[in-house]
$ cat data.pdb   # PDB, C-alpha atoms and all ligand atoms
ATOM      1  CA  MET A   1      45.387  -9.852  -2.160
ATOM      2  CA  GLU A   2      43.395  -9.966   1.093
ATOM      3  CA  GLU A   3      42.596  -6.237   0.668
ATOM      4  CA  ASP A   4      41.422  -6.811  -2.950
ATOM      5  CA  ARG A   5      39.144  -9.614  -1.795
ATOM      6  CA  LYS A   6      37.680  -7.402   0.936
ATOM      7  CA  GLU A   7      37.015  -4.654  -1.616
ATOM      8  CA  VAL A   8      35.275  -7.069  -3.990
ATOM      9  CA  ASN A   9      33.231  -8.531  -1.106
ATOM     10  CA  SER A  10      32.086  -5.088   0.026
ATOM     11  CA  GLU A  11      30.497  -4.678  -3.444
ATOM     12  CA  LEU A  12      28.613  -7.961  -3.249
ATOM     13  CA  PRO A  13      24.998  -8.358  -2.096
ATOM     14  CA  ASP A  14      24.581  -9.492   1.495
ATOM     15  CA  ILE A  15      23.574 -13.149   1.167
ATOM     16  CA  THR A  16      21.788 -13.119   4.525
ATOM     17  CA  LEU A  17      19.396 -10.483   3.122
ATOM     18  CA  ASN A  18      19.104 -12.348  -0.204
ATOM     19  CA  PRO A  19      18.525 -16.017   0.685
ATOM     20  CA  PRO A  20      19.014 -17.803  -2.683
ATOM     21  CA  HIS A  21      16.006 -20.119  -2.157
ATOM     22  CA  GLU A  22      13.770 -17.058  -1.521
ATOM     23  CA  ILE A  23      15.043 -15.219  -4.610
ATOM     24  CA  ALA A  24      14.653 -18.384  -6.739
ATOM     25  CA  LYS A  25      11.092 -18.914  -5.453
ATOM     26  CA  ILE A  26       9.974 -15.315  -6.099
ATOM     27  CA  SER A  27      11.627 -15.216  -9.551
ATOM     28  CA  PHE A  28       9.995 -18.550 -10.437
ATOM     29  CA  GLY A  29       6.586 -17.220  -9.334
ATOM     30  CA  LEU A  30       6.947 -14.018 -11.365
ATOM     31  CA  GLY A  31       8.182 -16.049 -14.366
ATOM     32  CA  ILE A  32       5.174 -18.392 -14.187
ATOM     33  CA  LEU A  33       2.791 -15.416 -13.937
ATOM     34  CA  LEU A  34       4.412 -13.683 -16.892
ATOM     35  CA  GLY A  35       4.709 -16.873 -18.957
ATOM     36  CA  CYS A  36       1.060 -17.937 -18.433
ATOM     37  CA  SER A  37      -0.263 -14.430 -19.134
ATOM     38  CA  LEU A  38       1.822 -14.242 -22.298
ATOM     39  CA  GLY A  39       0.944 -17.796 -23.355
ATOM     40  CA  PHE A  40      -2.831 -17.260 -23.089
ATOM     41  CA  LEU A  41      -2.675 -13.722 -24.526
ATOM     42  CA  PHE A  42      -3.283 -14.830 -28.115
ATOM     43  CA  THR A  43      -6.111 -17.225 -27.266
ATOM     44  CA  LEU A  44      -8.267 -14.639 -25.483
ATOM     45  CA  GLN A  45     -10.630 -12.027 -26.841
ATOM     46  CA  PHE A  46     -10.104  -9.785 -23.795
ATOM     47  CA  LYS A  47      -6.330  -9.331 -23.652
ATOM     48  CA  SER A  48      -6.105  -6.324 -21.343
ATOM     49  CA  PHE A  49      -6.060  -8.277 -18.081
ATOM     50  CA  ASN A  50      -3.161 -10.433 -19.275
ATOM     51  CA  ILE A  51      -1.232  -7.361 -20.417
ATOM     52  CA  TYR A  52      -1.800  -5.854 -16.967
ATOM     53  CA  ILE A  53      -0.404  -8.997 -15.253
ATOM     54  CA  ILE A  54       2.593  -8.974 -17.641
ATOM     55  CA  SER A  55       3.255  -5.316 -16.700
ATOM     56  CA  LEU A  56       3.015  -6.114 -12.983
ATOM     57  CA  ALA A  57       5.329  -9.149 -13.178
ATOM     58  CA  THR A  58       7.856  -7.193 -15.273
ATOM     59  CA  PHE A  59       7.773  -4.256 -12.848
ATOM     60  CA  HIS A  60       8.454  -6.419  -9.770
ATOM     61  CA  PHE A  61      11.180  -8.412 -11.514
ATOM     62  CA  LEU A  62      12.936  -5.219 -12.683
ATOM     63  CA  GLU A  63      12.840  -3.652  -9.200
ATOM     64  CA  TYR A  64      15.022  -6.488  -7.917
ATOM     65  CA  TYR A  65      17.110  -6.918 -11.070
ATOM     66  CA  VAL A  66      18.090  -3.243 -11.483
ATOM     67  CA  THR A  67      18.909  -2.926  -7.770
ATOM     68  CA  ALA A  68      20.983  -6.132  -7.841
ATOM     69  CA  LYS A  69      22.889  -5.019 -10.935
ATOM     70  CA  TYR A  70      23.497  -1.337 -10.257
ATOM     71  CA  ASN A  71      23.202  -1.041  -6.489
ATOM     72  CA  PRO A  72      24.223  -4.500  -5.220
ATOM     73  CA  LYS A  73      25.085  -3.382  -1.704
ATOM     74  CA  LYS A  74      21.455  -2.333  -1.140
ATOM     75  CA  VAL A  75      19.705  -5.306  -2.757
ATOM     76  CA  HIS A  76      17.413  -7.252  -0.480
ATOM     77  CA  ALA A  77      14.714  -9.921  -0.969
ATOM     78  CA  ASP A  78      12.236  -7.058  -0.357
ATOM     79  CA  SER A  79      13.685  -5.209  -3.396
ATOM     80  CA  PHE A  80      11.055  -7.062  -5.478
ATOM     81  CA  LEU A  81       8.658  -4.625  -3.754
ATOM     82  CA  LEU A  82       6.062  -7.354  -3.365
ATOM     83  CA  LYS A  83       5.505  -6.227   0.222
ATOM     84  CA  ASN A  84       4.767  -2.681  -0.885
ATOM     85  CA  GLY A  85       2.222  -1.917   1.805
ATOM     86  CA  ILE A  86      -1.452  -2.654   2.312
ATOM     87  CA  GLU A  87      -2.580   0.300   0.135
ATOM     88  CA  TYR A  88      -0.593  -1.007  -2.848
ATOM     89  CA  ILE A  89      -1.933  -4.555  -2.524
ATOM     90  CA  GLY A  90      -5.454  -3.193  -1.891
ATOM     91  CA  ALA A  91      -5.286  -0.947  -4.966
ATOM     92  CA  HIS A  92      -4.243  -3.770  -7.314
ATOM     93  CA  THR A  93      -6.779  -6.197  -5.811
ATOM     94  CA  PHE A  94      -9.519  -3.590  -6.268
ATOM     95  CA  ALA A  95      -8.381  -2.895  -9.854
ATOM     96  CA  SER A  96      -8.395  -6.625 -10.729
ATOM     97  CA  LEU A  97     -11.857  -7.081  -9.196
ATOM     98  CA  GLU A  98     -13.219  -4.004 -10.969
ATOM     99  CA  CYS A  99     -11.914  -5.253 -14.299
ATOM    100  CA  LEU A 100     -13.235  -8.808 -13.902
ATOM    101  CA  MET A 101     -16.635  -7.668 -12.522
ATOM    102  CA  GLU A 102     -17.168  -5.165 -15.331
ATOM    103  CA  TYR A 103     -16.155  -7.822 -17.879
ATOM    104  CA  TRP A 104     -18.624 -10.247 -16.320
ATOM    105  CA  ILE A 105     -21.503  -7.752 -16.078
ATOM    106  CA  CYS A 106     -20.960  -6.002 -19.392
ATOM    107  CA  PRO A 107     -18.363  -7.708 -21.617
ATOM    108  CA  ASN A 108     -18.961  -5.248 -24.473
ATOM    109  CA  LEU A 109     -17.763  -2.404 -22.276
ATOM    110  CA  LYS A 110     -14.371  -4.091 -22.051
ATOM    111  CA  THR A 111     -13.989  -5.677 -25.470
ATOM    112  CA  GLY A 112     -15.633  -3.244 -27.934
ATOM    113  CA  HIS A 113     -13.603  -2.033 -30.926
ATOM    114  CA  SER A 114     -14.492   1.660 -30.974
ATOM    115  CA  PRO A 115     -11.751   4.133 -32.038
ATOM    116  CA  LEU A 116     -11.923   5.794 -28.581
ATOM    117  CA  ARG A 117     -11.199   2.450 -26.896
ATOM    118  CA  LYS A 118      -8.227   1.861 -29.211
ATOM    119  CA  ILE A 119      -6.839   5.307 -28.408
ATOM    120  CA  ILE A 120      -7.239   4.735 -24.646
ATOM    121  CA  PHE A 121      -5.518   1.360 -24.950
ATOM    122  CA  VAL A 122      -2.573   2.703 -26.956
ATOM    123  CA  VAL A 123      -2.135   5.702 -24.611
ATOM    124  CA  GLY A 124      -2.226   3.313 -21.611
ATOM    125  CA  LEU A 125       0.299   0.955 -23.190
ATOM    126  CA  LEU A 126       2.652   3.846 -23.995
ATOM    127  CA  MET A 127       2.370   5.113 -20.421
ATOM    128  CA  VAL A 128       3.195   1.656 -19.051
ATOM    129  CA  VAL A 129       6.199   1.117 -21.352
ATOM    130  CA  LEU A 130       7.620   4.639 -21.020
ATOM    131  CA  GLY A 131       6.870   4.820 -17.277
ATOM    132  CA  GLN A 132       8.693   1.517 -16.737
ATOM    133  CA  LEU A 133      11.668   2.695 -18.809
ATOM    134  CA  VAL A 134      11.930   5.988 -16.901
ATOM    135  CA  ARG A 135      11.664   4.142 -13.574
ATOM    136  CA  SER A 136      14.322   1.511 -14.348
ATOM    137  CA  ILE A 137      16.742   3.873 -16.136
ATOM    138  CA  SER A 138      16.572   6.394 -13.272
ATOM    139  CA  MET A 139      17.294   3.631 -10.732
ATOM    140  CA  ARG A 140      20.345   2.745 -12.798
ATOM    141  CA  GLN A 141      21.452   6.362 -13.121
ATOM    142  CA  ALA A 142      21.081   7.066  -9.397
ATOM    143  CA  GLY A 143      23.104   3.902  -8.646
ATOM    144  CA  ARG A 144      24.185   3.812  -5.011
ATOM    145  CA  SER A 145      22.249   6.980  -4.185
ATOM    146  CA  PHE A 146      18.997   5.102  -4.862
ATOM    147  CA  SER A 147      17.294   3.218  -2.052
ATOM    148  CA  HIS A 148      13.761   1.896  -1.824
ATOM    149  CA  VAL A 149      13.565   3.240   1.716
ATOM    150  CA  VAL A 150      13.998   7.033   2.019
ATOM    151  CA  LYS A 151      17.273   7.821   3.808
ATOM    152  CA  VAL A 152      17.057  10.042   6.860
ATOM    153  CA  GLU A 153      20.800   9.897   7.538
ATOM    154  CA  LYS A 154      23.409  10.583   4.884
ATOM    155  CA  GLU A 155      25.579   7.645   3.865
ATOM    156  CA  ASN A 156      29.193   8.189   2.714
ATOM    157  CA  ASP A 157      28.528   7.091  -0.881
ATOM    158  CA  HIS A 158      25.324   9.176  -1.226
ATOM    159  CA  LYS A 159      25.920  11.771  -3.973
ATOM    160  CA  LEU A 160      23.468  14.306  -5.337
ATOM    161  CA  VAL A 161      22.430  13.039  -8.783
ATOM    162  CA  GLN A 162      21.573  15.814 -11.239
ATOM    163  CA  ASP A 163      22.434  14.323 -14.610
ATOM    164  CA  GLY A 164      20.681  11.993 -17.077
ATOM    165  CA  LEU A 165      16.954  11.698 -16.344
ATOM    166  CA  TYR A 166      17.530  13.619 -13.093
ATOM    167  CA  SER A 167      18.260  16.708 -15.202
ATOM    168  CA  VAL A 168      14.753  16.501 -16.708
ATOM    169  CA  PHE A 169      12.674  15.175 -13.775
ATOM    170  CA  ARG A 170      13.452  15.892 -10.124
ATOM    171  CA  HIS A 171      12.085  12.490  -9.054
ATOM    172  CA  PRO A 172      12.211  10.350 -12.209
ATOM    173  CA  SER A 173      11.530   7.017 -10.524
ATOM    174  CA  TYR A 174       8.378   8.446  -8.899
ATOM    175  CA  PHE A 175       7.396  10.136 -12.161
ATOM    176  CA  GLY A 176       7.827   6.788 -13.988
ATOM    177  CA  PHE A 177       5.862   4.835 -11.389
ATOM    178  CA  PHE A 178       3.029   7.405 -11.249
ATOM    179  CA  TRP A 179       2.371   7.321 -15.008
ATOM    180  CA  TRP A 180       3.036   3.555 -15.244
ATOM    181  CA  ALA A 181       0.342   2.870 -12.626
ATOM    182  CA  LEU A 182      -2.230   5.149 -14.312
ATOM    183  CA  GLY A 183      -1.348   3.496 -17.638
ATOM    184  CA  THR A 184      -2.265   0.064 -16.208
ATOM    185  CA  GLN A 185      -5.765   1.356 -15.410
ATOM    186  CA  LEU A 186      -6.203   2.790 -18.917
ATOM    187  CA  ILE A 187      -5.199  -0.592 -20.372
ATOM    188  CA  LEU A 188      -7.855  -2.254 -18.185
ATOM    189  CA  PHE A 189     -10.496   0.413 -19.063
ATOM    190  CA  ASN A 190     -11.131   0.751 -15.322
ATOM    191  CA  PRO A 191     -12.855   4.125 -14.733
ATOM    192  CA  ILE A 192     -13.247   3.758 -10.946
ATOM    193  CA  SER A 193      -9.701   2.516 -10.286
ATOM    194  CA  LEU A 194      -8.259   5.179 -12.589
ATOM    195  CA  ILE A 195      -9.763   7.913 -10.393
ATOM    196  CA  LEU A 196      -8.777   6.078  -7.191
ATOM    197  CA  PHE A 197      -5.196   5.492  -8.403
ATOM    198  CA  CYS A 198      -4.903   9.196  -9.370
ATOM    199  CA  PHE A 199      -6.009  10.288  -5.932
ATOM    200  CA  VAL A 200      -4.064   7.732  -3.845
ATOM    201  CA  LEU A 201      -0.814   7.991  -5.840
ATOM    202  CA  TRP A 202      -0.859  11.782  -5.948
ATOM    203  CA  ARG A 203      -1.380  11.998  -2.182
ATOM    204  CA  PHE A 204       1.332   9.384  -1.558
ATOM    205  CA  PHE A 205       3.981  11.035  -3.753
ATOM    206  CA  ASN A 206       3.133  14.556  -2.614
ATOM    207  CA  LYS A 207       3.751  13.535   0.998
ATOM    208  CA  ARG A 208       6.788  11.377   0.233
ATOM    209  CA  ILE A 209       8.523  14.009  -1.922
ATOM    210  CA  LYS A 210       8.114  16.662   0.795
ATOM    211  CA  PHE A 211       9.580  14.286   3.398
ATOM    212  CA  GLU A 212      12.407  13.135   1.095
ATOM    213  CA  GLU A 213      13.346  16.682   0.125
ATOM    214  CA  ARG A 214      13.570  17.841   3.743
ATOM    215  CA  HIS A 215      16.341  15.265   4.183
ATOM    216  CA  LEU A 216      17.966  15.963   0.805
ATOM    217  CA  ILE A 217      18.265  19.642   1.817
ATOM    218  CA  GLU A 218      19.837  18.535   5.114
ATOM    219  CA  PHE A 219      22.323  16.340   3.182
ATOM    220  CA  PHE A 220      23.205  18.633   0.262
ATOM    221  CA  GLY A 221      22.159  22.151   1.419
ATOM    222  CA  SER A 222      22.227  24.908  -1.207
ATOM    223  CA  SER A 223      23.090  22.465  -4.034
ATOM    224  CA  TYR A 224      19.734  20.740  -3.541
ATOM    225  CA  ILE A 225      17.853  24.041  -3.134
ATOM    226  CA  GLN A 226      19.299  25.212  -6.471
ATOM    227  CA  TYR A 227      18.507  21.853  -8.112
ATOM    228  CA  LYS A 228      14.927  22.098  -6.820
ATOM    229  CA  LYS A 229      14.574  25.552  -8.382
ATOM    230  CA  ASN A 230      15.868  24.350 -11.758
ATOM    231  CA  VAL A 231      14.194  20.961 -12.240
ATOM    232  CA  LYS A 232      10.469  20.139 -12.069
ATOM    233  CA  VAL A 233       8.825  16.936 -10.810
ATOM    234  CA  TRP A 234       6.332  16.705 -13.736
ATOM    235  CA  ILE A 235       3.625  15.103 -11.598
ATOM    236  CA  PRO A 236       0.671  17.542 -11.779
ATOM    237  CA  PHE A 237       0.457  20.036  -8.895
ATOM    238  CA  ILE A 238       3.594  18.793  -7.150
ATOM    239  CA  MET A 239       6.031  21.714  -7.113
TER     240      MET A 239
HETATM  241  C1  LIG A 301      13.142   5.533  -3.745
HETATM  242  S1  LIG A 301      14.556   6.535  -4.065
HETATM  243  C2  LIG A 301      13.782   7.733  -5.126
HETATM  244  C3  LIG A 301      14.717   8.665  -5.770
HETATM  245  C4  LIG A 301      14.046   9.834  -6.463
HETATM  246  N1  LIG A 301      13.073  10.446  -5.599
HETATM  247  C5  LIG A 301      13.412   9.400  -7.747
HETATM  248  O1  LIG A 301      12.182   9.437  -7.825
HETATM  249  O2  LIG A 301      14.106   9.012  -8.682
HETATM  250  C6  LIG A 301      14.707   7.413  -2.532
HETATM  251  C7  LIG A 301      16.125   7.818  -2.186
HETATM  252  O3  LIG A 301      16.684   8.580  -3.218
HETATM  253  C8  LIG A 301      17.420   9.672  -2.679
HETATM  254  N2  LIG A 301      17.383  10.750  -3.686
HETATM  255  C9  LIG A 301      16.293  11.348  -4.212
HETATM  256  N3  LIG A 301      16.641  12.255  -5.134
HETATM  257  C10 LIG A 301      17.994  12.210  -5.185
HETATM  258  C11 LIG A 301      18.958  12.897  -5.957
HETATM  259  N4  LIG A 301      18.614  13.789  -6.893
HETATM  260  N5  LIG A 301      20.262  12.605  -5.746
HETATM  261  C12 LIG A 301      20.623  11.680  -4.832
HETATM  262  N6  LIG A 301      19.776  11.008  -4.073
HETATM  263  C13 LIG A 301      18.471  11.249  -4.257
HETATM  264  C14 LIG A 301      16.709  10.048  -1.388
HETATM  265  O4  LIG A 301      17.607  10.569  -0.437
HETATM  266  C15 LIG A 301      16.128   8.706  -0.930
HETATM  267  O5  LIG A 301      16.914   8.085   0.060
END

$ encode --input "data.pdb" --output "structure tokens" --more "lines below"
Ligand SMILES: C[S@@+](CC[C@H](N)C(=O)[O-])C[C@H]1O[C@@H](n2cnc3c(N)ncnc32)[C@H](O)[C@@H]1O
Amino acid sequence: MEEDRKEVNSELPDITLNPPHEIAKISFGLGILLGCSLGFLFTLQFKSFNIYIISLATFHFLEYYVTAKYNPKKVHADSFLLKNGIEYIGAHTFASLECLMEYWICPNLKTGHSPLRKIIFVVGLLMVVLGQLVRSISMRQAGRSFSHVVKVEKENDHKLVQDGLYSVFRHPSYFGFFWWALGTQLILFNPISLILFCFVLWRFFNKRIKFEERHLIEFFGSSYIQYKKNVKVWIPFIM
């Protein structure tokens, strides 16, 4: 009985890393943001900014939710990824300012109804929805092998994941995030941020994947080398 309880407890999130009042506060904040953006969506002529905020709130909620559900031992108040570094916050602040400034200076640029604009919007929306799905499903499929912080020492329950989305993309959660983020800038019709996001995200993932794979080869040796030969990343120019 005591042993069973210990086993169940070892699967539970660490409450000291997940203070309930913190989790409630962050969830409430994300819910308010999502609810207000959704509520005003149908009253506004320029809907793109609200759709962008809905995508952001959904992304941050799902980061915590999927970790809590499928990788509870690793969940942490920081799993919302709201403290995702100064570059991340800077990029989204810049994107919001670009969008609002361009709307203020030249509203027609943002709200016109040309076929090209519609195509850009639909492509952006598809990238956001599919990118989010790939990101969240891959986090679920990797389960305990997933961690927001790259592991430099192998843990006992860390297994090489090669099935599901990992059989199509070598780094599906990065692939999903990369295209999701570019999709948000297409939705906003933000030409400057689109180029900046491309550059910053590509550089970030190129560096991170190289670092991560050095450790994955240390952990899994020839199995990872073979996996790397067989499965592509599908982010342009990252081999
Ligand atoms: C933020 S997760 C990202 C996982 C993966 N790069 C992706 O994009 O889906 C980082 C952790 O995942 C682990 N990881 C990456 N690829 C893996 C794989 N195919 N199997 C098991 N663990 C993996 C790394 O060791 C690292 O600690």

$ atom_distance --input "data.pdb" --atom1 "CA of Phe49 (chain A)" --atom2 "CA of Ile119 (chain A)"
17.1 Å

$ resolve_selection --input "data.pdb" --expression "the PyMOL selection byres (((not hetatm)) within 7 of (chain A and resi 301))" --output "list in words"
Ser138, Met139, Ala142, Ser145, Phe146, Ser147, His148, Val149, Val150, Lys151, His158, Lys159, Leu160, Val161, Gln162, Tyr166, Arg170, His171, Pro172, Ser173, Tyr174, Phe175, Ile209, Glu212, His215 and Leu216 of chain A

$ write_last_selection --input "data.pdb" --atoms "C-alpha atoms" --output "tab-separated table (two decimals), in the coordinates of the input"
chain	number	residue	atom	x	y	z
A	138	SER	CA	16.57	6.39	-13.27
A	139	MET	CA	17.29	3.63	-10.73
A	142	ALA	CA	21.08	7.07	-9.40
A	145	SER	CA	22.25	6.98	-4.18
A	146	PHE	CA	19.00	5.10	-4.86
A	147	SER	CA	17.29	3.22	-2.05
A	148	HIS	CA	13.76	1.90	-1.82
A	149	VAL	CA	13.56	3.24	1.72
A	150	VAL	CA	14.00	7.03	2.02
A	151	LYS	CA	17.27	7.82	3.81
A	158	HIS	CA	25.32	9.18	-1.23
A	159	LYS	CA	25.92	11.77	-3.97
A	160	LEU	CA	23.47	14.31	-5.34
A	161	VAL	CA	22.43	13.04	-8.78
A	162	GLN	CA	21.57	15.81	-11.24
A	166	TYR	CA	17.53	13.62	-13.09
A	170	ARG	CA	13.45	15.89	-10.12
A	171	HIS	CA	12.08	12.49	-9.05
A	172	PRO	CA	12.21	10.35	-12.21
A	173	SER	CA	11.53	7.02	-10.52
A	174	TYR	CA	8.38	8.45	-8.90
A	175	PHE	CA	7.40	10.14	-12.16
A	209	ILE	CA	8.52	14.01	-1.92
A	212	GLU	CA	12.41	13.14	1.10
A	215	HIS	CA	16.34	15.26	4.18
A	216	LEU	CA	17.97	15.96	0.80

$ atom_distance --input "data.pdb" --atom1 "CA of Ile53 (chain A)" --atom2 "CA of Ser37 (chain A)"
6.7 Å

$ resolve_selection --input "data.pdb" --expression "the PyMOL selection byres (((chain A and resi 188) around 9) and not hetatm)" --output "JSON, numbers by chain"
{"A": [48, 49, 51, 52, 95, 96, 99, 110, 121, 124, 183, 184, 185, 186, 187, 189, 190, 191]}

$ closest_residue --input "data.pdb" --among "A:Ile235, A:Leu182, A:Leu97, A:Ile217" --to "Val152 (chain A)" --atoms "only C-alpha atoms"
A:Ile217

$ decode --input "data.pdb" --residues "region 142-177 of chain A" --atoms "C-alpha atoms" --output "CSV table (one decimal), in the first residue's frame"
chain,number,residue,atom,x,y,z
A,142,ALA,CA,7.7,12.4,-26.7
A,143,GLY,CA,6.1,12.2,-23.3
A,144,ARG,CA,8.8,12.0,-20.6
A,145,SER,CA,11.6,12.4,-23.1
A,146,PHE,CA,10.4,16.0,-23.7
A,147,SER,CA,11.8,18.8,-21.6
A,148,HIS,CA,11.6,22.5,-22.2
A,149,VAL,CA,15.3,22.8,-21.2
A,150,VAL,CA,17.7,20.8,-23.3
A,151,LYS,CA,19.1,17.9,-21.3
A,152,VAL,CA,22.9,17.6,-21.1
A,153,GLU,CA,22.8,14.5,-18.9
A,154,LYS,CA,20.8,11.5,-19.7
A,155,GLU,CA,17.9,10.7,-17.3
A,156,ASN,CA,16.8,7.1,-16.7
A,157,ASP,CA,13.4,7.5,-18.3
A,158,HIS,CA,14.9,9.3,-21.4
A,159,LYS,CA,14.1,7.1,-24.5
A,160,LEU,CA,14.9,7.9,-28.1
A,161,VAL,CA,11.6,8.7,-29.7
A,162,GLN,CA,11.4,7.8,-33.4
A,163,ASP,CA,7.7,7.1,-34.0
A,164,GLY,CA,4.6,9.2,-34.7
A,165,LEU,CA,5.6,12.7,-35.8
A,166,TYR,CA,9.2,12.0,-34.9
A,167,SER,CA,9.3,9.6,-37.9
A,168,VAL,CA,8.4,12.5,-40.2
A,169,PHE,CA,10.3,15.4,-38.6
A,170,ARG,CA,13.5,15.1,-36.6
A,171,HIS,CA,12.5,18.0,-34.3
A,172,PRO,CA,8.7,18.2,-34.7
A,173,SER,CA,8.1,20.6,-31.8
A,174,TYR,CA,10.7,23.1,-33.2
A,175,PHE,CA,9.3,22.6,-36.7
A,176,GLY,CA,5.8,23.3,-35.3
A,177,PHE,CA,6.9,26.4,-33.4
